[in-house]
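Pasted below: target.txt, compact mmCIF, C-alpha atoms and all ligand atoms.
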# COMPACT_ATOMS: atom_id res chain seq x y z
CA MET B 1 -7.64 -76.64 -32.74
CA SER B 2 -7.11 -73.40 -34.61
CA THR B 3 -10.25 -72.29 -36.37
CA HIS B 4 -8.18 -70.32 -38.86
CA ALA B 5 -5.60 -72.86 -40.03
CA ALA B 6 -3.34 -71.54 -42.77
CA GLY B 7 -4.80 -68.08 -42.24
CA ARG B 8 -8.28 -68.94 -43.43
CA PRO B 9 -11.62 -69.65 -41.78
CA ARG B 10 -12.37 -73.38 -41.67
CA ALA B 11 -15.17 -74.79 -43.79
CA PRO B 12 -17.57 -77.54 -42.68
CA TYR B 13 -15.91 -80.97 -42.87
CA GLY B 14 -18.09 -82.96 -45.24
CA MET B 15 -21.56 -83.91 -46.33
CA GLU B 16 -23.35 -86.42 -44.10
CA TYR B 17 -26.98 -86.52 -45.22
CA ALA B 18 -29.84 -85.15 -47.23
CA ARG B 19 -33.42 -84.93 -45.92
CA ILE B 20 -35.89 -85.64 -48.70
CA VAL B 21 -39.67 -85.42 -48.57
CA VAL B 22 -41.19 -88.11 -50.78
CA PRO B 23 -44.72 -89.05 -51.89
CA ASP B 24 -44.33 -92.83 -51.39
CA LEU B 25 -42.04 -93.58 -48.47
CA ALA B 26 -42.08 -97.37 -48.84
CA ALA B 27 -41.32 -97.24 -52.56
CA THR B 28 -38.42 -94.81 -52.07
CA ARG B 29 -36.96 -96.92 -49.26
CA GLU B 30 -36.92 -99.90 -51.59
CA PHE B 31 -35.50 -97.83 -54.45
CA LEU B 32 -32.58 -96.61 -52.32
CA GLN B 33 -31.89 -100.09 -50.97
CA TYR B 34 -31.82 -101.79 -54.37
CA HIS B 35 -30.42 -99.08 -56.65
CA VAL B 36 -28.03 -97.19 -54.37
CA GLY B 37 -27.19 -99.97 -51.92
CA LEU B 38 -28.24 -98.19 -48.74
CA GLN B 39 -29.23 -100.07 -45.60
CA LEU B 40 -32.55 -99.27 -43.94
CA GLU B 41 -31.94 -98.72 -40.24
CA GLN B 42 -35.02 -97.19 -38.75
CA HIS B 43 -38.45 -96.17 -39.98
CA ASP B 44 -42.12 -95.74 -39.28
CA ASP B 45 -44.95 -94.40 -41.44
CA GLU B 46 -43.59 -90.86 -41.21
CA TYR B 47 -39.86 -91.16 -41.80
CA ALA B 48 -36.95 -93.48 -42.58
CA PHE B 49 -33.19 -93.40 -41.97
CA LEU B 50 -30.88 -95.19 -44.40
CA ARG B 51 -27.12 -95.44 -44.16
CA ALA B 52 -24.20 -96.15 -46.49
CA ASP B 53 -21.33 -96.74 -44.06
CA ILE B 54 -20.79 -96.26 -40.32
CA GLU B 55 -22.30 -92.76 -40.09
CA HIS B 56 -25.80 -92.82 -38.59
CA HIS B 57 -27.59 -92.01 -41.86
CA CYS B 58 -26.95 -90.48 -45.24
CA ILE B 59 -30.58 -90.16 -46.29
CA GLU B 60 -33.54 -89.23 -44.15
CA LEU B 61 -36.87 -89.66 -45.90
CA ILE B 62 -40.03 -87.92 -44.80
CA SER B 63 -43.44 -89.01 -46.04
CA ASP B 64 -45.83 -86.57 -47.73
CA PRO B 65 -48.39 -88.43 -49.86
CA SER B 66 -49.80 -85.11 -51.11
CA LEU B 67 -46.69 -84.62 -53.29
CA THR B 68 -46.26 -85.99 -56.80
CA GLU B 69 -42.48 -85.49 -56.82
CA SER B 70 -39.85 -85.48 -54.10
CA ARG B 71 -38.46 -82.31 -52.53
CA THR B 72 -35.04 -82.09 -50.87
CA GLU B 73 -35.41 -79.80 -47.90
CA ALA B 74 -32.09 -80.02 -46.04
CA VAL B 75 -28.48 -81.08 -46.31
CA GLY B 76 -26.28 -81.87 -43.30
CA PHE B 77 -22.56 -81.21 -42.99
CA SER B 78 -20.35 -82.33 -40.13
CA VAL B 79 -17.95 -79.88 -38.51
CA GLU B 80 -14.59 -80.85 -37.04
CA SER B 81 -14.79 -79.30 -33.57
CA ASP B 82 -16.76 -77.09 -31.21
CA ALA B 83 -14.35 -74.25 -31.96
CA VAL B 84 -15.06 -74.41 -35.70
CA LEU B 85 -18.81 -74.75 -35.07
CA ASP B 86 -18.75 -71.63 -32.86
CA ASP B 87 -16.75 -69.75 -35.47
CA LEU B 88 -19.22 -70.75 -38.20
CA ARG B 89 -22.10 -69.55 -36.06
CA GLU B 90 -20.38 -66.19 -35.58
CA ARG B 91 -19.67 -65.81 -39.29
CA ILE B 92 -23.26 -66.74 -40.24
CA THR B 93 -24.72 -64.32 -37.68
CA ALA B 94 -22.33 -61.53 -38.71
CA ALA B 95 -23.44 -61.99 -42.33
CA GLY B 96 -27.05 -61.41 -41.23
CA HIS B 97 -28.40 -64.95 -41.53
CA GLU B 98 -30.74 -66.38 -38.94
CA ILE B 99 -29.62 -69.40 -36.90
CA ILE B 100 -32.36 -72.04 -36.71
CA PRO B 101 -32.56 -75.20 -34.58
CA LEU B 102 -31.64 -78.62 -35.89
CA HIS B 103 -34.50 -80.84 -36.95
CA ASP B 104 -35.88 -82.62 -33.88
CA ARG B 105 -34.69 -86.04 -35.01
CA MET B 106 -31.12 -84.73 -35.42
CA LYS B 107 -30.93 -83.34 -31.90
CA GLY B 108 -30.07 -86.71 -30.33
CA LEU B 109 -27.76 -87.74 -33.15
CA CYS B 110 -24.92 -85.25 -32.70
CA ALA B 111 -23.20 -83.34 -29.90
CA ARG B 112 -24.11 -79.78 -30.90
CA GLY B 113 -25.40 -78.08 -33.98
CA PHE B 114 -27.72 -75.63 -35.68
CA GLY B 115 -29.21 -74.86 -39.06
CA VAL B 116 -29.20 -71.95 -41.47
CA ARG B 117 -31.10 -71.33 -44.70
CA ASP B 118 -28.95 -70.70 -47.76
CA PRO B 119 -30.03 -67.88 -50.11
CA ASN B 120 -32.37 -70.33 -51.87
CA GLY B 121 -34.12 -71.44 -48.69
CA LEU B 122 -32.36 -74.82 -48.57
CA ILE B 123 -31.66 -75.73 -44.94
CA VAL B 124 -28.00 -76.43 -44.18
CA GLU B 125 -27.48 -78.21 -40.86
CA LEU B 126 -24.04 -78.03 -39.22
CA PHE B 127 -23.06 -80.19 -36.26
CA THR B 128 -20.28 -81.97 -34.39
CA GLU B 129 -19.89 -85.63 -33.39
CA PHE B 130 -22.44 -87.27 -35.68
CA VAL B 131 -23.50 -90.59 -34.13
CA GLU B 132 -22.01 -93.65 -35.81
CA TYR B 133 -22.29 -97.44 -35.86
CA ALA B 134 -19.49 -99.78 -34.80
CA GLU B 135 -19.60 -101.61 -38.13
CA PRO B 136 -20.53 -100.72 -41.69
CA PRO B 137 -23.53 -102.51 -43.21
CA LEU B 138 -22.87 -106.13 -44.20
CA ILE B 139 -23.86 -105.33 -47.78
CA GLU B 140 -21.26 -105.85 -50.48
CA LEU B 141 -22.78 -103.52 -53.09
CA ARG B 142 -23.10 -100.24 -51.22
CA PRO B 143 -21.63 -96.72 -51.27
CA LEU B 144 -18.73 -95.80 -49.01
CA ASP B 145 -19.76 -92.18 -48.65
CA LEU B 146 -22.20 -89.47 -49.63
CA VAL B 147 -19.82 -87.02 -51.29
CA HIS B 148 -21.76 -83.92 -52.34
CA PRO B 149 -24.98 -82.24 -53.29
CA PHE B 150 -25.14 -80.37 -56.59
CA LEU B 151 -27.38 -77.33 -56.30
CA ALA B 152 -28.96 -75.45 -59.18
CA THR B 153 -29.76 -71.87 -58.26
CA ASN B 154 -31.31 -68.75 -59.74
CA LYS B 155 -29.29 -66.75 -57.18
CA TYR B 156 -25.89 -68.01 -58.27
CA ASP B 157 -23.67 -65.11 -57.23
CA GLU B 158 -25.35 -64.74 -53.85
CA THR B 159 -25.20 -68.49 -53.27
CA VAL B 160 -21.50 -68.70 -54.20
CA GLU B 161 -20.86 -65.82 -51.79
CA PHE B 162 -22.76 -67.60 -49.00
CA TYR B 163 -20.96 -70.92 -49.31
CA THR B 164 -17.47 -69.45 -49.84
CA ARG B 165 -17.29 -66.18 -47.89
CA VAL B 166 -19.59 -67.15 -45.04
CA LEU B 167 -19.28 -70.94 -44.68
CA GLY B 168 -15.66 -71.05 -45.88
CA PHE B 169 -15.88 -73.65 -48.68
CA LEU B 170 -12.89 -73.40 -51.03
CA PRO B 171 -13.27 -73.18 -54.83
CA SER B 172 -11.64 -76.14 -56.61
CA ASP B 173 -12.63 -75.35 -60.20
CA TYR B 174 -14.91 -73.11 -62.21
CA VAL B 175 -16.61 -73.96 -65.50
CA GLY B 176 -17.34 -70.63 -67.14
CA ASP B 177 -19.39 -68.45 -64.84
CA VAL B 178 -22.07 -71.11 -64.52
CA THR B 179 -20.60 -73.82 -62.29
CA VAL B 180 -18.29 -73.85 -59.29
CA PHE B 181 -17.00 -76.89 -57.43
CA LEU B 182 -16.38 -76.23 -53.73
CA ARG B 183 -14.52 -78.31 -51.19
CA GLY B 184 -14.78 -78.64 -47.44
CA GLU B 185 -12.23 -79.91 -44.95
CA ASP B 186 -12.70 -83.55 -46.03
CA ARG B 187 -10.63 -82.51 -49.09
CA TYR B 188 -12.85 -84.10 -51.71
CA HIS B 189 -12.46 -82.14 -54.95
CA HIS B 190 -15.98 -81.03 -54.22
CA SER B 191 -18.22 -81.47 -51.20
CA LEU B 192 -20.68 -79.10 -52.83
CA ALA B 193 -21.27 -77.79 -56.35
CA LEU B 194 -23.34 -74.84 -57.55
CA GLN B 195 -24.79 -74.18 -60.97
CA ARG B 196 -26.34 -71.02 -62.38
CA ASN B 197 -29.88 -71.89 -63.43
CA ASP B 198 -33.35 -70.41 -64.02
CA GLU B 199 -34.64 -72.05 -60.84
CA HIS B 200 -33.44 -73.53 -57.58
CA TYR B 201 -33.41 -77.26 -57.00
CA VAL B 202 -31.14 -79.93 -55.61
CA ALA B 203 -29.97 -81.39 -58.91
CA HIS B 204 -28.15 -84.45 -57.63
CA LEU B 205 -26.56 -86.26 -54.71
CA CYS B 206 -23.29 -88.08 -55.33
CA PHE B 207 -22.42 -91.42 -53.74
CA MET B 208 -18.93 -92.90 -53.93
CA MET B 209 -19.04 -96.63 -54.61
CA LYS B 210 -16.26 -99.07 -53.67
CA SER B 211 -15.03 -99.52 -57.22
CA PHE B 212 -15.75 -98.91 -60.87
CA ASP B 213 -17.03 -102.49 -61.01
CA HIS B 214 -19.69 -101.56 -58.46
CA VAL B 215 -20.68 -98.46 -60.43
CA MET B 216 -21.30 -100.72 -63.43
CA ARG B 217 -23.27 -103.20 -61.33
CA GLY B 218 -25.46 -100.28 -60.16
CA ARG B 219 -25.91 -99.28 -63.79
CA ALA B 220 -26.89 -102.85 -64.70
CA ARG B 221 -29.55 -102.81 -61.97
CA ALA B 222 -30.93 -99.51 -63.31
CA LEU B 223 -31.11 -100.91 -66.84
CA TYR B 224 -32.69 -104.12 -65.59
CA LYS B 225 -35.46 -102.27 -63.70
CA GLN B 226 -35.76 -99.63 -66.44
CA VAL B 227 -35.03 -96.74 -64.10
CA PRO B 228 -34.23 -93.72 -66.26
CA ILE B 229 -30.50 -92.95 -66.51
CA ALA B 230 -30.47 -89.17 -66.73
CA SER B 231 -26.83 -89.00 -67.73
CA ASP B 232 -24.92 -92.10 -68.70
CA MET B 233 -21.20 -92.83 -68.14
CA VAL B 234 -19.40 -89.53 -67.62
CA ASN B 235 -15.65 -89.06 -67.08
CA HIS B 236 -15.55 -85.88 -65.05
CA SER B 237 -12.83 -83.42 -65.97
CA ALA B 238 -13.01 -81.57 -62.67
CA SER B 239 -13.05 -84.35 -60.07
CA THR B 240 -11.67 -87.23 -62.22
CA SER B 241 -14.59 -89.44 -61.18
CA ILE B 242 -16.45 -91.75 -63.55
CA ALA B 243 -20.17 -91.89 -62.87
CA PHE B 244 -23.71 -92.25 -64.11
CA TYR B 245 -26.93 -90.66 -62.83
CA LEU B 246 -30.21 -92.36 -61.95
CA TYR B 247 -33.35 -90.31 -61.94
CA ASP B 248 -36.89 -90.91 -60.83
CA PRO B 249 -38.31 -87.65 -59.45
CA LYS B 250 -40.56 -89.54 -57.00
CA HIS B 251 -37.52 -90.87 -55.17
CA GLY B 252 -35.31 -87.81 -54.86
CA PRO B 253 -32.93 -85.80 -56.97
CA ARG B 254 -30.65 -87.57 -59.44
CA TYR B 255 -28.47 -90.08 -57.65
CA GLU B 256 -24.91 -90.09 -58.98
CA LEU B 257 -22.99 -93.33 -58.42
CA CYS B 258 -19.29 -92.66 -58.91
CA ASP B 259 -15.81 -94.07 -58.59
CA GLY B 260 -12.49 -92.24 -58.40
CA HIS B 261 -13.51 -88.85 -57.03
CA ARG B 262 -10.30 -86.89 -56.45
CA VAL B 263 -9.21 -86.23 -52.86
CA PHE B 264 -6.71 -83.41 -52.39
CA THR B 265 -3.60 -83.93 -50.26
CA PRO B 266 -3.40 -81.69 -47.16
CA GLU B 267 -0.85 -79.55 -49.00
CA GLU B 268 -2.96 -79.29 -52.18
CA HIS B 269 -5.95 -78.39 -50.00
CA GLU B 270 -4.15 -75.29 -48.72
CA THR B 271 -2.41 -74.27 -51.96
CA HIS B 272 -4.66 -75.35 -54.86
CA ARG B 273 -5.44 -72.60 -57.32
CA PRO B 274 -8.88 -73.17 -58.89
CA ARG B 275 -8.87 -73.70 -62.62
CA ARG B 276 -11.01 -71.45 -64.81
CA MET B 277 -12.30 -73.78 -67.49
CA ALA B 278 -14.16 -72.73 -70.61
CA LEU B 279 -17.83 -73.60 -70.92
CA ASP B 280 -17.35 -76.64 -73.15
CA PRO B 281 -18.87 -80.10 -72.61
CA ARG B 282 -15.35 -81.60 -72.63
CA ASN B 283 -14.62 -79.55 -69.50
CA ILE B 284 -17.45 -81.41 -67.76
CA ASP B 285 -17.01 -84.87 -69.33
CA VAL B 286 -13.70 -85.51 -71.08
CA TRP B 287 -15.38 -88.26 -73.12
CA ARG B 288 -17.51 -85.74 -75.04
CA ALA B 289 -16.47 -85.74 -78.69
CA ALA B 290 -16.54 -82.04 -79.55
CA ALA B 291 -17.37 -78.54 -78.32
CA ASP B 292 -21.00 -78.89 -79.41
CA ASP B 293 -21.53 -82.35 -77.90
CA TRP B 294 -24.00 -81.18 -75.22
CA GLY B 295 -26.51 -84.02 -75.63
CA ARG B 296 -27.24 -86.25 -72.64
CA PHE B 297 -26.66 -83.51 -70.03
FE FE Q 1 -21.62 -84.74 -58.82
Render the structure in this file as structure tokens.
Amino acid sequence: MSTHAAGRPRAPYGMEYARIVVPDLAATREFLQYHVGLQLEQHDDEYAFLRADIEHHCIELISDPSLTESRTEAVGFSVESDAVLDDLRERITAAGHEIIPLHDRMKGLCARGFGVRDPNGLIVELFTEFVEYAEPPLIELRPLDLVHPFLATNKYDETVEFYTRVLGFLPSDYVGDVTVFLRGEDRYHHSLALQRNDEHYVAHLCFMMKSFDHVMRGRARALYKQVPIASDMVNHSASTSIAFYLYDPKHGPRYELCDGHRVFTPEEHETHRPRRMALDPRNIDVWRAAADDWGRF
């Protein structure tokens, strides 16, 4: 396979997992099973793997009872081929970033791979041939995919440069000079989003549910258990998805449950010109009533 299709370096394919250190492993396992619909596959007192679909896992939890809140320490992206993986390694090395080994538990779960720290210190793991299951979980109310992380950063320009110029993610849309939505080769409108902020943190992880009905059933469960909804029903102008966001800092970043996230056609993927949208709440959620309707974000 050409590593420079359409005259451009290839990006990673798509997001596969986040690795999150949590204070109460058992409680977070249960939270993710009930509220997100993940299936617990493997665990001991130190870690747990949960999956959404056939891919081996979408969340890895690590126990650290000394914490009071969770901390997301790594995100994993699959890569289409050995050739693209080698090219990424060359680009990362040429840009002066250190290549680090995959986490030990990932080493048996893919063919080849490595890690790199982004400018904020977040570990990005890149690998080929992620291990999968023959069947998806036999759970009706579950996500189909982990779509993207949304990263807040106090090194916005440097971080945008890293993910676009070095890793090859393609800009899909900008909102002012504070947010950029970036896509990988899976052609989701965004497989990664970056926001200019006073500090760095993983702001949310987005799961694509099977339908809008399932998003609303997830919302009903959150209301029933009184889990805080950090941002209620949002109709996203950039990706066209409709979503809400659950948030309990003990259990991870905000979890976005969405339906209808835009997927570009192969032609759009190569030719799309990113929009430059004004910094207006209606350019984030088209259901906002006016330019000053910033509440609930
Ligand atoms: Fe999102």
Report task. Select all residues near (-36.0, -87.6, -57.9) (cut-off 10 Å, inclusive, file coordinates), counting all atoms listed in the file, and output them as a PyMOL selection string. Result -> chain B and resi 20+22+28+69-72+202-204+246-255
Requested in this report: Just give me the residues with any atom within 10 Å of (-19.5, -71.6, -35.0), file coordinates, counting all atoms listed in the file, written as a ChimeraX atom specification.
Outcome: /B:3,10,12,79,81-93,113-114,126-127,167
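Nearest to Ala95 in chain B of all the residues B:Met209, B:Val21, B:Val116, B:Leu32 is B:Val116, counting all atoms listed in the file.
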Would you mind listing, for every residue of chain B within 12 Å of ligand FE 1 (chain Q), the two atoms forming the shortest contact and the distance between them in Å to one decimal, using only C-alpha atoms and all ligand atoms, sorted by chain and ascending residue number, as a Markdown table?
| residue | atom | partner | partner_atom | distance |
| --- | --- | --- | --- | --- |
| B:Leu146 | CA | Q:FE1 | FE | 10.4 |
| B:Val147 | CA | Q:FE1 | FE | 8.1 |
| B:His148 | CA | Q:FE1 | FE | 6.5 |
| B:Pro149 | CA | Q:FE1 | FE | 6.9 |
| B:Phe150 | CA | Q:FE1 | FE | 6.0 |
| B:Leu151 | CA | Q:FE1 | FE | 9.7 |
| B:Ala152 | CA | Q:FE1 | FE | 11.8 |
| B:Thr179 | CA | Q:FE1 | FE | 11.5 |
| B:Val180 | CA | Q:FE1 | FE | 11.4 |
| B:Phe181 | CA | Q:FE1 | FE | 9.2 |
| B:Leu182 | CA | Q:FE1 | FE | 11.2 |
| B:Tyr188 | CA | Q:FE1 | FE | 11.3 |
| B:His189 | CA | Q:FE1 | FE | 10.3 |
| B:His190 | CA | Q:FE1 | FE | 8.2 |
| B:Ser191 | CA | Q:FE1 | FE | 9.0 |
| B:Leu192 | CA | Q:FE1 | FE | 8.3 |
| B:Ala193 | CA | Q:FE1 | FE | 7.4 |
| B:Leu194 | CA | Q:FE1 | FE | 10.1 |
| B:Gln195 | CA | Q:FE1 | FE | 11.2 |
| B:Val202 | CA | Q:FE1 | FE | 11.1 |
| B:Ala203 | CA | Q:FE1 | FE | 9.0 |
| B:His204 | CA | Q:FE1 | FE | 6.6 |
| B:Leu205 | CA | Q:FE1 | FE | 6.6 |
| B:Cys206 | CA | Q:FE1 | FE | 5.1 |
| B:Phe207 | CA | Q:FE1 | FE | 8.4 |
| B:Met208 | CA | Q:FE1 | FE | 9.9 |
| B:Ser231 | CA | Q:FE1 | FE | 11.2 |
| B:Val234 | CA | Q:FE1 | FE | 10.3 |
| B:Asn235 | CA | Q:FE1 | FE | 11.1 |
| B:His236 | CA | Q:FE1 | FE | 8.8 |
| B:Ser237 | CA | Q:FE1 | FE | 11.4 |
| B:Ala238 | CA | Q:FE1 | FE | 10.0 |
| B:Ser239 | CA | Q:FE1 | FE | 8.7 |
| B:Thr240 | CA | Q:FE1 | FE | 10.8 |
| B:Ser241 | CA | Q:FE1 | FE | 8.8 |
| B:Ile242 | CA | Q:FE1 | FE | 9.9 |
| B:Ala243 | CA | Q:FE1 | FE | 8.3 |
| B:Phe244 | CA | Q:FE1 | FE | 9.4 |
| B:Tyr245 | CA | Q:FE1 | FE | 8.9 |
| B:Leu246 | CA | Q:FE1 | FE | 11.9 |
| B:Pro253 | CA | Q:FE1 | FE | 11.5 |
| B:Arg254 | CA | Q:FE1 | FE | 9.5 |
| B:Tyr255 | CA | Q:FE1 | FE | 8.8 |
| B:Glu256 | CA | Q:FE1 | FE | 6.3 |
| B:Leu257 | CA | Q:FE1 | FE | 8.7 |
| B:Cys258 | CA | Q:FE1 | FE | 8.3 |
| B:Asp259 | CA | Q:FE1 | FE | 11.0 |
| B:Gly260 | CA | Q:FE1 | FE | 11.8 |
| B:His261 | CA | Q:FE1 | FE | 9.3 |
| B:Arg262 | CA | Q:FE1 | FE | 11.8 |
| B:Ile284 | CA | Q:FE1 | FE | 10.4 |
| B:Asp285 | CA | Q:FE1 | FE | 11.5 |
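As for CA of Asn120 in chain B and CA of Ile229 in chain B, they are spaced 27.0 Å apart.
Remark: for Asp24 in chain B, the closest of the candidate residues B:Leu102, B:Ala278, B:Ala111, B:Leu67 is B:Leu67 (distances computed over only C-alpha atoms).
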Requested in this report: Using all atoms listed in the file, pick whichever of B:Val178, B:Val131, B:Cys58, B:Val36 has the shortest atom-to-atom distance to Lys155 in chain B.
Outcome: B:Val178
Query raised in the report: Taking into account only C-alpha atoms, which residue in the set B:Asp145, B:Asp213, B:Glu140, B:Glu270 is nearest to Tyr34 in chain B?
Result: B:Glu140
Report task. Take CA of Thr128 in chain B and CA of Asp53 in chain B and report the distance between them in Å, one decimal. Result -> 17.7 Å
Report summary line: Counting all atoms listed in the file, closest pick from B:Tyr47, B:Asn154, B:Ala230, B:Ala52 relative to Gln33 in chain B is B:Ala52
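With all atoms listed in the file as the basis for measurement, B:Arg165 is the residue among B:Arg273, B:Arg221, B:Arg165, B:His214 that approaches Ala11 in chain B most closely.
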Report task. Please provide the set of residues having any atom within 12 Å of Glu55 in chain B, restricted to all atoms listed in the file, with same-chain residues fewer than 6 positions apart removed, written as a list in words. Result -> Gly14, Met15, Glu16, Tyr17, Leu38, Gln39, Glu41, Phe49, Phe77, Ser78, Leu109, Cys110, Glu129, Phe130, Val131, Glu132, Tyr133, Ala134, Glu135, Pro136, Pro137, Pro143, Leu144, Asp145 and Leu146 of chain B
Box time for range 255-259 of chain B: axis-aligned, enclosing all its listed atoms, 6 Å extra on each side; report centre and edge lengths in Å to one decimal, as lines of an AutoDock Vina configuration file.
center_x = -22.1
center_y = -92.1
center_z = -58.3
size_x = 24.7
size_y = 16.0
size_z = 13.3
